[in-house]
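**Student:** Dropping in data_11.pdb, with PDB, C-alpha atoms, pLDDT in the B column.
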```pdb
ATOM      1  CA  TYR Y   1       8.826 -21.411   8.469  1.00 77.00           C
ATOM      2  CA  ALA Y   2       5.489 -21.728   6.716  1.00 79.00           C
ATOM      3  CA  ARG Y   3       4.843 -17.971   6.719  1.00 77.00           C
ATOM      4  CA  VAL Y   4       8.273 -16.946   5.439  1.00 85.00           C
ATOM      5  CA  HIS Y   5       8.466 -16.686   1.657  1.00 87.00           C
ATOM      6  CA  PRO Y   6      11.012 -15.398  -0.853  1.00 93.00           C
ATOM      7  CA  ILE Y   7      10.180 -12.145  -2.629  1.00 95.00           C
ATOM      8  CA  VAL Y   8      11.591 -10.517  -5.759  1.00 97.00           C
ATOM      9  CA  THR Y   9      12.748  -6.978  -4.934  1.00 96.00           C
ATOM     10  CA  PRO Y  10      13.902  -4.593  -7.646  1.00 96.00           C
ATOM     11  CA  ARG Y  11      14.989  -1.502  -5.659  1.00 92.00           C
ATOM     12  CA  PHE Y  12      12.692   0.584  -7.875  1.00 93.00           C
ATOM     13  CA  GLY Y  13      12.282   1.140 -11.590  1.00 95.00           C
ATOM     14  CA  PRO Y  14      15.015   3.756 -12.194  1.00 95.00           C
ATOM     15  CA  SER Y  15      17.688   1.673 -10.415  1.00 95.00           C
ATOM     16  CA  CYS Y  16      17.281  -1.233 -12.854  1.00 97.00           C
ATOM     17  CA  THR Y  17      17.882  -1.814 -16.524  1.00 97.00           C
ATOM     18  CA  GLU Y  18      15.018  -3.004 -18.662  1.00 97.00           C
ATOM     19  CA  GLU Y  19      16.809  -6.318 -19.055  1.00 97.00           C
ATOM     20  CA  MET Y  20      17.057  -6.749 -15.297  1.00 97.00           C
ATOM     21  CA  LEU Y  21      13.376  -5.919 -14.770  1.00 98.00           C
ATOM     22  CA  GLY Y  22      12.407  -8.452 -17.418  1.00 98.00           C
ATOM     23  CA  SER Y  23      14.601 -11.142 -15.870  1.00 98.00           C
ATOM     24  CA  LEU Y  24      13.153 -10.497 -12.424  1.00 98.00           C
ATOM     25  CA  GLY Y  25       9.656 -10.722 -13.881  1.00 98.00           C
ATOM     26  CA  ASP Y  26      10.501 -14.068 -15.461  1.00 98.00           C
ATOM     27  CA  LEU Y  27      11.897 -15.270 -12.127  1.00 97.00           C
ATOM     28  CA  ALA Y  28       8.771 -14.243 -10.226  1.00 97.00           C
ATOM     29  CA  LYS Y  29       6.520 -15.904 -12.787  1.00 97.00           C
ATOM     30  CA  ALA Y  30       8.548 -19.116 -12.959  1.00 97.00           C
ATOM     31  CA  HIS Y  31       8.422 -19.613  -9.191  1.00 96.00           C
ATOM     32  CA  ASP Y  32       5.037 -17.958  -8.540  1.00 94.00           C
ATOM     33  CA  ILE Y  33       6.456 -15.676  -5.847  1.00 93.00           C
ATOM     34  CA  HIS Y  34       5.723 -12.200  -4.524  1.00 95.00           C
ATOM     35  CA  VAL Y  35       7.191  -8.960  -5.859  1.00 97.00           C
ATOM     36  CA  GLN Y  36       7.869  -5.811  -3.863  1.00 96.00           C
ATOM     37  CA  SER Y  37       9.200  -2.407  -4.878  1.00 97.00           C
ATOM     38  CA  HIS Y  38       8.422   1.317  -4.901  1.00 96.00           C
ATOM     39  CA  ILE Y  39       6.265   3.306  -7.308  1.00 98.00           C
ATOM     40  CA  SER Y  40       5.471   6.992  -7.788  1.00 97.00           C
ATOM     41  CA  GLU Y  41       6.823   8.045  -4.407  1.00 96.00           C
ATOM     42  CA  THR Y  42       7.921  11.470  -5.660  1.00 97.00           C
ATOM     43  CA  GLU Y  43       7.346  13.570  -8.748  1.00 97.00           C
ATOM     44  CA  GLU Y  44      11.099  13.553  -9.406  1.00 97.00           C
ATOM     45  CA  GLU Y  45      11.064   9.748  -9.449  1.00 97.00           C
ATOM     46  CA  ILE Y  46       8.335   9.739 -12.094  1.00 97.00           C
ATOM     47  CA  LYS Y  47      10.296  12.180 -14.263  1.00 97.00           C
ATOM     48  CA  LEU Y  48      13.358   9.948 -13.972  1.00 97.00           C
ATOM     49  CA  VAL Y  49      11.342   6.921 -15.112  1.00 97.00           C
ATOM     50  CA  GLU Y  50      10.069   8.895 -18.112  1.00 97.00           C
ATOM     51  CA  LYS Y  51      13.636   9.859 -19.009  1.00 97.00           C
ATOM     52  CA  ILE Y  52      15.156   6.384 -18.641  1.00 97.00           C
ATOM     53  CA  PHE Y  53      12.239   4.430 -20.116  1.00 97.00           C
ATOM     54  CA  PRO Y  54      10.619   6.754 -22.708  1.00 97.00           C
ATOM     55  CA  THR Y  55       8.812   3.944 -24.567  1.00 97.00           C
ATOM     56  CA  TYR Y  56       6.507   3.183 -21.630  1.00 98.00           C
ATOM     57  CA  GLN Y  57       3.281   5.131 -21.162  1.00 97.00           C
ATOM     58  CA  ASN Y  58       3.717   5.410 -17.396  1.00 98.00           C
ATOM     59  CA  TYR Y  59       5.529   4.009 -14.367  1.00 98.00           C
ATOM     60  CA  THR Y  60       2.990   1.243 -13.765  1.00 98.00           C
ATOM     61  CA  GLU Y  61       3.329  -0.014 -17.330  1.00 98.00           C
ATOM     62  CA  LEU Y  62       7.080  -0.384 -16.768  1.00 98.00           C
ATOM     63  CA  TYR Y  63       6.392  -3.009 -14.120  1.00 98.00           C
ATOM     64  CA  ASP Y  64       3.468  -4.525 -15.989  1.00 98.00           C
ATOM     65  CA  LYS Y  65       5.244  -5.068 -19.301  1.00 98.00           C
ATOM     66  CA  ASN Y  66       8.090  -6.756 -17.468  1.00 98.00           C
ATOM     67  CA  LYS Y  67       5.784  -9.220 -15.656  1.00 98.00           C
ATOM     68  CA  LEU Y  68       6.255  -7.549 -12.284  1.00 98.00           C
ATOM     69  CA  LEU Y  69       2.669  -6.367 -11.803  1.00 98.00           C
ATOM     70  CA  THR Y  70       0.720  -9.376 -10.590  1.00 97.00           C
ATOM     71  CA  ASN Y  71      -1.712 -10.381  -7.864  1.00 95.00           C
ATOM     72  CA  LYS Y  72       1.369 -11.028  -5.712  1.00 95.00           C
ATOM     73  CA  THR Y  73       2.880  -7.578  -6.240  1.00 97.00           C
ATOM     74  CA  ILE Y  74       3.149  -5.035  -3.413  1.00 97.00           C
ATOM     75  CA  LEU Y  75       4.276  -1.551  -4.403  1.00 97.00           C
ATOM     76  CA  ALA Y  76       4.933   1.086  -1.763  1.00 96.00           C
ATOM     77  CA  HIS Y  77       3.763   4.706  -1.840  1.00 97.00           C
ATOM     78  CA  GLY Y  78       1.898   5.371  -5.118  1.00 97.00           C
ATOM     79  CA  CYS Y  79       1.370   9.037  -4.266  1.00 98.00           C
ATOM     80  CA  TYR Y  80       1.023  10.145  -7.881  1.00 98.00           C
ATOM     81  CA  LEU Y  81      -0.669   7.240  -9.644  1.00 98.00           C
ATOM     82  CA  SER Y  82      -3.079   8.246 -12.406  1.00 98.00           C
ATOM     83  CA  ASP Y  83      -6.570   6.882 -12.930  1.00 97.00           C
ATOM     84  CA  GLU Y  84      -5.288   4.715 -15.778  1.00 98.00           C
ATOM     85  CA  GLU Y  85      -2.577   3.272 -13.572  1.00 98.00           C
ATOM     86  CA  LEU Y  86      -5.023   2.466 -10.784  1.00 98.00           C
ATOM     87  CA  LYS Y  87      -7.243   0.694 -13.299  1.00 98.00           C
ATOM     88  CA  LEU Y  88      -4.258  -1.438 -14.283  1.00 98.00           C
ATOM     89  CA  PHE Y  89      -3.519  -2.191 -10.630  1.00 98.00           C
ATOM     90  CA  ASN Y  90      -7.095  -3.392 -10.266  1.00 98.00           C
ATOM     91  CA  LEU Y  91      -6.902  -5.472 -13.432  1.00 98.00           C
ATOM     92  CA  ARG Y  92      -3.742  -7.257 -12.329  1.00 97.00           C
ATOM     93  CA  GLY Y  93      -4.775  -7.602  -8.686  1.00 96.00           C
ATOM     94  CA  ALA Y  94      -1.641  -5.753  -7.552  1.00 97.00           C
ATOM     95  CA  ALA Y  95      -1.489  -3.995  -4.190  1.00 97.00           C
ATOM     96  CA  ILE Y  96      -0.266  -0.725  -2.679  1.00 98.00           C
ATOM     97  CA  ALA Y  97       1.411  -0.265   0.708  1.00 97.00           C
ATOM     98  CA  HIS Y  98       0.432   3.159   2.063  1.00 97.00           C
ATOM     99  CA  CYS Y  99       3.367   4.636   4.027  1.00 96.00           C
ATOM    100  CA  PRO Y 100       2.119   8.015   5.312  1.00 96.00           C
ATOM    101  CA  ASN Y 101       4.891   8.374   7.883  1.00 95.00           C
ATOM    102  CA  SER Y 102       7.775   8.349   5.416  1.00 94.00           C
ATOM    103  CA  ASN Y 103       5.766  10.189   2.753  1.00 96.00           C
ATOM    104  CA  THR Y 104       5.366  13.175   5.054  1.00 94.00           C
ATOM    105  CA  ALA Y 105       8.804  12.912   6.710  1.00 93.00           C
ATOM    106  CA  LEU Y 106      10.504  13.030   3.298  1.00 93.00           C
ATOM    107  CA  CYS Y 107       7.996  15.515   1.795  1.00 94.00           C
ATOM    108  CA  SER Y 108       7.265  12.967  -0.921  1.00 96.00           C
ATOM    109  CA  GLY Y 109       3.539  13.545  -1.274  1.00 96.00           C
ATOM    110  CA  PHE Y 110       0.153  12.275  -0.103  1.00 97.00           C
ATOM    111  CA  LEU Y 111      -1.535   9.071  -1.171  1.00 97.00           C
ATOM    112  CA  ASN Y 112      -5.245   9.668  -1.755  1.00 97.00           C
ATOM    113  CA  VAL Y 113      -6.612   6.516  -0.134  1.00 97.00           C
ATOM    114  CA  ASN Y 114     -10.193   7.347  -1.143  1.00 96.00           C
ATOM    115  CA  LYS Y 115      -9.147   7.438  -4.796  1.00 96.00           C
ATOM    116  CA  VAL Y 116      -7.278   4.133  -4.550  1.00 97.00           C
ATOM    117  CA  LEU Y 117     -10.220   2.390  -2.910  1.00 95.00           C
ATOM    118  CA  LYS Y 118     -12.584   3.801  -5.532  1.00 96.00           C
ATOM    119  CA  TYR Y 119     -10.759   1.609  -8.049  1.00 97.00           C
ATOM    120  CA  ASN Y 120     -10.935  -1.423  -5.711  1.00 96.00           C
ATOM    121  CA  VAL Y 121      -7.168  -1.697  -5.467  1.00 97.00           C
ATOM    122  CA  LYS Y 122      -5.832  -3.776  -2.584  1.00 96.00           C
ATOM    123  CA  LEU Y 123      -4.387  -1.429   0.020  1.00 97.00           C
ATOM    124  CA  GLY Y 124      -2.659  -1.849   3.360  1.00 96.00           C
ATOM    125  CA  LEU Y 125      -0.683   0.316   5.779  1.00 96.00           C
ATOM    126  CA  GLY Y 126       3.115   0.237   5.933  1.00 94.00           C
ATOM    127  CA  THR Y 127       5.634   1.760   8.344  1.00 91.00           C
ATOM    128  CA  ASP Y 128       8.610   2.134   5.964  1.00 88.00           C
ATOM    129  CA  VAL Y 129      11.029   2.777   8.822  1.00 81.00           C
ATOM    130  CA  ALA Y 130      13.865   3.420   6.363  1.00 81.00           C
ATOM    131  CA  GLY Y 131      12.192   6.671   5.394  1.00 85.00           C
ATOM    132  CA  GLY Y 132      10.014   7.256   8.433  1.00 81.00           C
ATOM    133  CA  TYR Y 133      10.727   7.255  12.130  1.00 85.00           C
ATOM    134  CA  SER Y 134       8.520   4.614  13.716  1.00 88.00           C
ATOM    135  CA  ALA Y 135       7.933   0.879  13.367  1.00 90.00           C
ATOM    136  CA  SER Y 136       4.613   1.219  15.182  1.00 91.00           C
ATOM    137  CA  MET Y 137       1.496   0.385  13.205  1.00 92.00           C
ATOM    138  CA  PHE Y 138      -0.453   2.548  15.649  1.00 91.00           C
ATOM    139  CA  ASP Y 139       1.709   5.456  14.527  1.00 92.00           C
ATOM    140  CA  ALA Y 140       0.993   4.585  10.887  1.00 94.00           C
ATOM    141  CA  ILE Y 141      -2.736   4.698  11.712  1.00 95.00           C
ATOM    142  CA  ARG Y 142      -2.341   8.106  13.289  1.00 93.00           C
ATOM    143  CA  LYS Y 143      -0.395   9.516  10.335  1.00 95.00           C
ATOM    144  CA  ALA Y 144      -2.823   8.003   7.799  1.00 96.00           C
ATOM    145  CA  LEU Y 145      -5.663   9.865   9.507  1.00 96.00           C
ATOM    146  CA  ILE Y 146      -3.672  13.110   9.438  1.00 95.00           C
ATOM    147  CA  VAL Y 147      -2.895  12.720   5.723  1.00 97.00           C
ATOM    148  CA  SER Y 148      -6.556  11.962   5.011  1.00 97.00           C
ATOM    149  CA  ASN Y 149      -7.649  15.046   6.943  1.00 96.00           C
ATOM    150  CA  THR Y 150      -5.109  17.156   5.067  1.00 96.00           C
ATOM    151  CA  LEU Y 151      -6.575  16.055   1.740  1.00 96.00           C
ATOM    152  CA  LYS Y 152     -10.020  16.965   3.047  1.00 96.00           C
ATOM    153  CA  ILE Y 153      -8.816  20.414   4.153  1.00 96.00           C
ATOM    154  CA  ASN Y 154      -7.298  20.957   0.708  1.00 94.00           C
ATOM    155  CA  LYS Y 155     -10.657  20.066  -0.888  1.00 94.00           C
ATOM    156  CA  GLU Y 156      -9.239  17.010  -2.675  1.00 93.00           C
ATOM    157  CA  ASN Y 157     -11.744  14.762  -0.876  1.00 92.00           C
ATOM    158  CA  GLU Y 158     -15.179  15.530   0.524  1.00 91.00           C
ATOM    159  CA  ASP Y 159     -14.656  13.250   3.512  1.00 92.00           C
ATOM    160  CA  GLY Y 160     -11.706  12.021   5.522  1.00 93.00           C
ATOM    161  CA  LEU Y 161     -11.161   8.425   6.545  1.00 94.00           C
ATOM    162  CA  THR Y 162     -12.640   7.181   9.803  1.00 93.00           C
ATOM    163  CA  LEU Y 163     -10.615   5.512  12.535  1.00 92.00           C
ATOM    164  CA  LYS Y 164     -12.368   2.228  11.783  1.00 91.00           C
ATOM    165  CA  GLU Y 165     -11.485   2.453   8.074  1.00 94.00           C
ATOM    166  CA  VAL Y 166      -7.816   3.110   8.780  1.00 95.00           C
ATOM    167  CA  PHE Y 167      -7.645   0.363  11.418  1.00 93.00           C
ATOM    168  CA  GLN Y 168      -9.002  -2.025   8.831  1.00 92.00           C
ATOM    169  CA  LEU Y 169      -6.228  -0.988   6.410  1.00 95.00           C
ATOM    170  CA  ALA Y 170      -3.704  -1.778   9.148  1.00 94.00           C
ATOM    171  CA  THR Y 171      -5.120  -5.255   9.781  1.00 91.00           C
ATOM    172  CA  LEU Y 172      -7.371  -6.904   7.204  1.00 90.00           C
ATOM    173  CA  GLY Y 173      -6.012  -4.632   4.469  1.00 93.00           C
ATOM    174  CA  GLY Y 174      -2.495  -5.860   5.117  1.00 91.00           C
ATOM    175  CA  SER Y 175      -3.694  -9.447   4.927  1.00 88.00           C
ATOM    176  CA  GLN Y 176      -5.325  -8.778   1.560  1.00 90.00           C
ATOM    177  CA  VAL Y 177      -2.164  -7.107   0.291  1.00 92.00           C
ATOM    178  CA  LEU Y 178      -0.192 -10.220   1.193  1.00 87.00           C
ATOM    179  CA  THR Y 179      -2.868 -12.439  -0.409  1.00 76.00           C
ATOM    180  CA  SER Y 180      -3.095 -14.313   2.893  1.00 55.00           C
ATOM    181  CA  LEU Y 181      -6.776 -14.070   3.766  1.00 44.00           C
ATOM    182  CA  HIS Y 182      -6.891 -17.797   4.475  1.00 48.00           C
ATOM    183  CA  ASN Y 183      -3.930 -17.784   6.858  1.00 48.00           C
ATOM    184  CA  GLY Y 184      -3.391 -16.807  10.469  1.00 43.00           C
ATOM    185  CA  ARG Y 185      -5.728 -14.908  12.755  1.00 48.00           C
ATOM    186  CA  PHE Y 186      -8.158 -13.787  10.089  1.00 48.00           C
ATOM    187  CA  LYS Y 187      -9.071 -17.395   9.351  1.00 46.00           C
ATOM    188  CA  MET Y 188      -9.109 -18.359  13.025  1.00 40.00           C
ATOM    189  CA  MET Y 189     -11.555 -15.550  13.806  1.00 47.00           C
ATOM    190  CA  SER Y 190     -13.840 -16.769  10.992  1.00 44.00           C
ATOM    191  CA  LEU Y 191     -14.645 -13.286   9.737  1.00 47.00           C
ATOM    192  CA  ASP Y 192     -17.167 -13.035   6.958  1.00 53.00           C
ATOM    193  CA  LYS Y 193     -16.778 -10.541   4.106  1.00 51.00           C
ATOM    194  CA  GLN Y 194     -18.583  -7.811   6.007  1.00 54.00           C
ATOM    195  CA  GLN Y 195     -16.633  -8.193   9.260  1.00 55.00           C
ATOM    196  CA  SER Y 196     -13.301  -7.021  10.589  1.00 55.00           C
ATOM    197  CA  PHE Y 197     -11.516  -7.090  13.948  1.00 53.00           C
ATOM    198  CA  THR Y 198     -13.289  -3.844  14.800  1.00 55.00           C
ATOM    199  CA  ASP Y 199     -16.655  -5.581  14.429  1.00 60.00           C
ATOM    200  CA  LEU Y 200     -15.668  -8.257  16.931  1.00 56.00           C
ATOM    201  CA  TYR Y 201     -14.104  -5.925  19.509  1.00 58.00           C
ATOM    202  CA  PRO Y 202     -15.424  -2.433  18.738  1.00 60.00           C
ATOM    203  CA  ASP Y 203     -15.022  -0.972  22.236  1.00 63.00           C
ATOM    204  CA  PHE Y 204     -11.462  -2.250  22.662  1.00 61.00           C
ATOM    205  CA  VAL Y 205     -10.333  -1.050  19.243  1.00 60.00           C
ATOM    206  CA  GLU Y 206     -11.951   2.347  19.518  1.00 65.00           C
ATOM    207  CA  GLU Y 207     -10.672   3.004  23.037  1.00 69.00           C
ATOM    208  CA  SER Y 208      -7.117   1.760  22.409  1.00 65.00           C
ATOM    209  CA  CYS Y 209      -6.732   3.706  19.184  1.00 64.00           C
ATOM    210  CA  GLN Y 210      -8.182   6.895  20.600  1.00 64.00           C
ATOM    211  CA  ILE Y 211      -5.846   6.719  23.613  1.00 66.00           C
ATOM    212  CA  TYR Y 212      -2.825   6.242  21.400  1.00 58.00           C
ATOM    213  CA  LEU Y 213      -3.809   8.912  18.919  1.00 63.00           C
ATOM    214  CA  SER Y 214      -4.248  11.457  21.696  1.00 60.00           C
ATOM    215  CA  GLU Y 215      -1.543  10.396  24.165  1.00 60.00           C
ATOM    216  CA  GLY Y 216       0.867   8.190  22.222  1.00 60.00           C
ATOM    217  CA  ASN Y 217       0.315   5.281  24.602  1.00 57.00           C
ATOM    218  CA  ALA Y 218      -1.975   2.310  23.954  1.00 52.00           C
ATOM    219  CA  ASP Y 219      -1.129   0.350  27.126  1.00 53.00           C
TER     220      ASP Y 219
END
```
Before we go any further, please render this structure as structure tokens.
**Tutor:**
Amino acid sequence: YARVHPIVTPRFGPSCTEEMLGSLGDLAKAHDIHVQSHISETEEEIKLVEKIFPTYQNYTELYDKNKLLTNKTILAHGCYLSDEELKLFNLRGAAIAHCPNSNTALCSGFLNVNKVLKYNVKLGLGTDVAGGYSASMFDAIRKALIVSNTLKINKENEDGLTLKEVFQLATLGGSQVLTSLHNGRFKMMSLDKQQSFTDLYPDFVEESCQIYLSEGNAD
């Protein structure tokens, strides 16, 4: 099972003691393995982190100081990350999994994808079926576009994301998040740095996505 790897998974910051987080960080470092967890999904979660861990400047630092923020770290949500936190994500090479379906279903918040990409943070789409209602990546694409448009309507962004940009988050973005650019289909297709699946099959991608987004059926 060459593509199956172990991953260190603290449920999320507030569910762990500082000692446990530190031990998990040591484990991940010793075996050079991936880390996954949640971060800044809700404002209440952030307040809880501040209460339990008052010596840390922010939520991201909690993971960073305990060796859990690395170039193999994938943290879901990130709806309320500050500029300073995004800079730290970029510095460590850590990634965010954007889960717009669960974020809206649970009224958690909106991830500003434009802001995340401005700091060159690795970003991919997630389904988070535990909190959402669909395992379909097409559905994640649809909801990501809706969230982006909502931020535009609320004047938080000048422009919304395009279908091509969101499709790239669902494909190449996910590969970058998993630090697997040299594995699987992306290597077999021999894409250069300026290409994506949409560049190779623009008509197919555009038509299939548009059909699903309007009718809920990509067949």
**Student:** Mind running stretch 46-151 of chain Y against stretch 24-33 of chain Y at 8 Å and telling me each contacting residue's nearest atom pair with the distance in Å (one decimal), counting all atoms listed in the file, chain and number ascending, as CSV?
**Tutor:**
```
residue,atom,partner,partner_atom,distance
Y:Asn66,CA,Y:Gly25,CA,5.6
Y:Lys67,CA,Y:Gly25,CA,4.5
Y:Leu68,CA,Y:Gly25,CA,4.9
Y:Lys72,CA,Y:Ile33,CA,6.9
```
**Student:** Could you check the closest approach to Y:Lys122 for each of Y:Thr9, Y:Thr55, Y:Ser175, Y:Gln36 and tell me which residue wins, using all atoms listed in the file?
**Tutor:**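 Smallest separation from Y:Lys122 among the options: Y:Ser175.
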**Student:** Name the residues that the PyMOL selection byres ((chain Y and resi 63) around 10) pulls out of this structure, and write them as a PyMOL selection string.
**Tutor:** chain Y and resi 12-13+18+21-22+25+37+39+56+58-62+64-70+73
**Student:** For the selection just defined, write its residues with C-alpha atoms to a file, as a JSON list (two decimals), keeping the file's coordinate frame.
**Tutor:**
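The file below, again-v4.json, is the result:
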```
[["chain", "number", "residue", "atom", "x", "y", "z"],
["Y", 12, "PHE", "CA", 12.69, 0.58, -7.88],
["Y", 13, "GLY", "CA", 12.28, 1.14, -11.59],
["Y", 18, "GLU", "CA", 15.02, -3.00, -18.66],
["Y", 21, "LEU", "CA", 13.38, -5.92, -14.77],
["Y", 22, "GLY", "CA", 12.41, -8.45, -17.42],
["Y", 25, "GLY", "CA", 9.66, -10.72, -13.88],
["Y", 37, "SER", "CA", 9.20, -2.41, -4.88],
["Y", 39, "ILE", "CA", 6.26, 3.31, -7.31],
["Y", 56, "TYR", "CA", 6.51, 3.18, -21.63],
["Y", 58, "ASN", "CA", 3.72, 5.41, -17.40],
["Y", 59, "TYR", "CA", 5.53, 4.01, -14.37],
["Y", 60, "THR", "CA", 2.99, 1.24, -13.76],
["Y", 61, "GLU", "CA", 3.33, -0.01, -17.33],
["Y", 62, "LEU", "CA", 7.08, -0.38, -16.77],
["Y", 64, "ASP", "CA", 3.47, -4.53, -15.99],
["Y", 65, "LYS", "CA", 5.24, -5.07, -19.30],
["Y", 66, "ASN", "CA", 8.09, -6.76, -17.47],
["Y", 67, "LYS", "CA", 5.78, -9.22, -15.66],
["Y", 68, "LEU", "CA", 6.26, -7.55, -12.28],
["Y", 69, "LEU", "CA", 2.67, -6.37, -11.80],
["Y", 70, "THR", "CA", 0.72, -9.38, -10.59],
["Y", 73, "THR", "CA", 2.88, -7.58, -6.24]]
```
**Student:** The centre and edge lengths of an axis-aligned box containing all atoms of stretch 34-39 of chain Y present in the file, extended by 8 Å on each side, are to be given in Å to one decimal, as JSON.
**Tutor:**
```
{"center_x": 7.5, "center_y": -4.4, "center_z": -5.6, "size_x": 19.5, "size_y": 31.5, "size_z": 19.4}
```
**Student:** How far is it from atom CA of Y:Asp128 to atom CA of Y:Asn157, in Å with one decimal?
**Tutor:**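 Value for the atom CA of Y:Asp128-atom CA of Y:Asn157 distance: 24.9 Å.
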**Student:** One decimal, Å: what's the distance from atom CA of Y:Ala105 over to atom CA of Y:Val129, could you say?
**Tutor:**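 Straight-line distance from atom CA of Y:Ala105 to atom CA of Y:Val129 works out to 10.6 Å.
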**Student:** Just to confirm, what's the straight-line distance from atom CA of Y:His5 to atom CA of Y:Gly174 in Å (one decimal)?
**Tutor:**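 According to the coordinates, atom CA of Y:His5 and atom CA of Y:Gly174 are separated by 15.8 Å.
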**Student:** I need the residue nearest Y:Phe138 from this list: Y:Tyr119, Y:Phe89, Y:Phe167, Y:Phe110. Use only C-alpha atoms for the distance.
**Tutor:**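 Checking each of Y:Tyr119, Y:Phe89, Y:Phe167, Y:Phe110 against Y:Phe138, counting only C-alpha atoms, the winner is Y:Phe167.
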**Student:** Evaluated on this file, the PyMOL selection byres ((chain Y and resi 98) around 6) picks out some residues - which ones are they, written as a list of chain:residue names?
**Tutor:**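 Applied to this file, the PyMOL selection byres ((chain Y and resi 98) around 6) selects Y:His77, Y:Ala97, Y:Cys99, Y:Leu125, Y:Gly126.
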**Student:** Care to translate the PyMOL selection byres ((chain Y and resi 44) around 12) into actual residues of this file, as a compact mmCIF listing (two decimals) with C-alpha atoms, keeping the file's coordinate frame?
**Tutor:**
```txt
# COMPACT_ATOMS: atom_id res chain seq x y z
CA PRO Y 14 15.02 3.76 -12.19
CA ILE Y 39 6.26 3.31 -7.31
CA SER Y 40 5.47 6.99 -7.79
CA GLU Y 41 6.82 8.04 -4.41
CA THR Y 42 7.92 11.47 -5.66
CA GLU Y 43 7.35 13.57 -8.75
CA GLU Y 45 11.06 9.75 -9.45
CA ILE Y 46 8.34 9.74 -12.09
CA LYS Y 47 10.30 12.18 -14.26
CA LEU Y 48 13.36 9.95 -13.97
CA VAL Y 49 11.34 6.92 -15.11
CA GLU Y 50 10.07 8.90 -18.11
CA LYS Y 51 13.64 9.86 -19.01
CA CYS Y 79 1.37 9.04 -4.27
CA TYR Y 80 1.02 10.14 -7.88
CA CYS Y 107 8.00 15.52 1.80
CA SER Y 108 7.26 12.97 -0.92
CA GLY Y 109 3.54 13.54 -1.27
```
**Student:** Find, counting all atoms listed in the file, the residue in Y:Pro54, Y:Gly78, Y:Pro100, Y:Gly160 that gets nearest to Y:Val121.
**Tutor:**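 Among Y:Pro54, Y:Gly78, Y:Pro100, Y:Gly160, it is Y:Gly78 that comes nearest to Y:Val121.
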**Student:** May I ask which of the residues Y:Ile96, Y:Ile52, Y:Met137, Y:Val177 is the closest one to Y:Val116, counting only C-alpha atoms?
**Tutor:**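 Going through Y:Ile96, Y:Ile52, Y:Met137, Y:Val177 one by one, the smallest distance to Y:Val116 is for Y:Ile96.
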**Student:** From the options Y:Asp139, Y:Ile7, Y:Cys16, Y:Leu75, which residue's atoms come nearest to Y:His38, counting all atoms listed in the file?
**Tutor:**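 Closest residue, counting all atoms listed in the file: Y:Leu75.
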**Student:** Select, from Y:Lys143, Y:Lys118, Y:Arg11, Y:Arg92, the residue with the minimum atom-to-atom distance to Y:Ala76, counting all atoms listed in the file.
**Tutor:**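 Result for the nearest residue to Y:Ala76: Y:Arg11.
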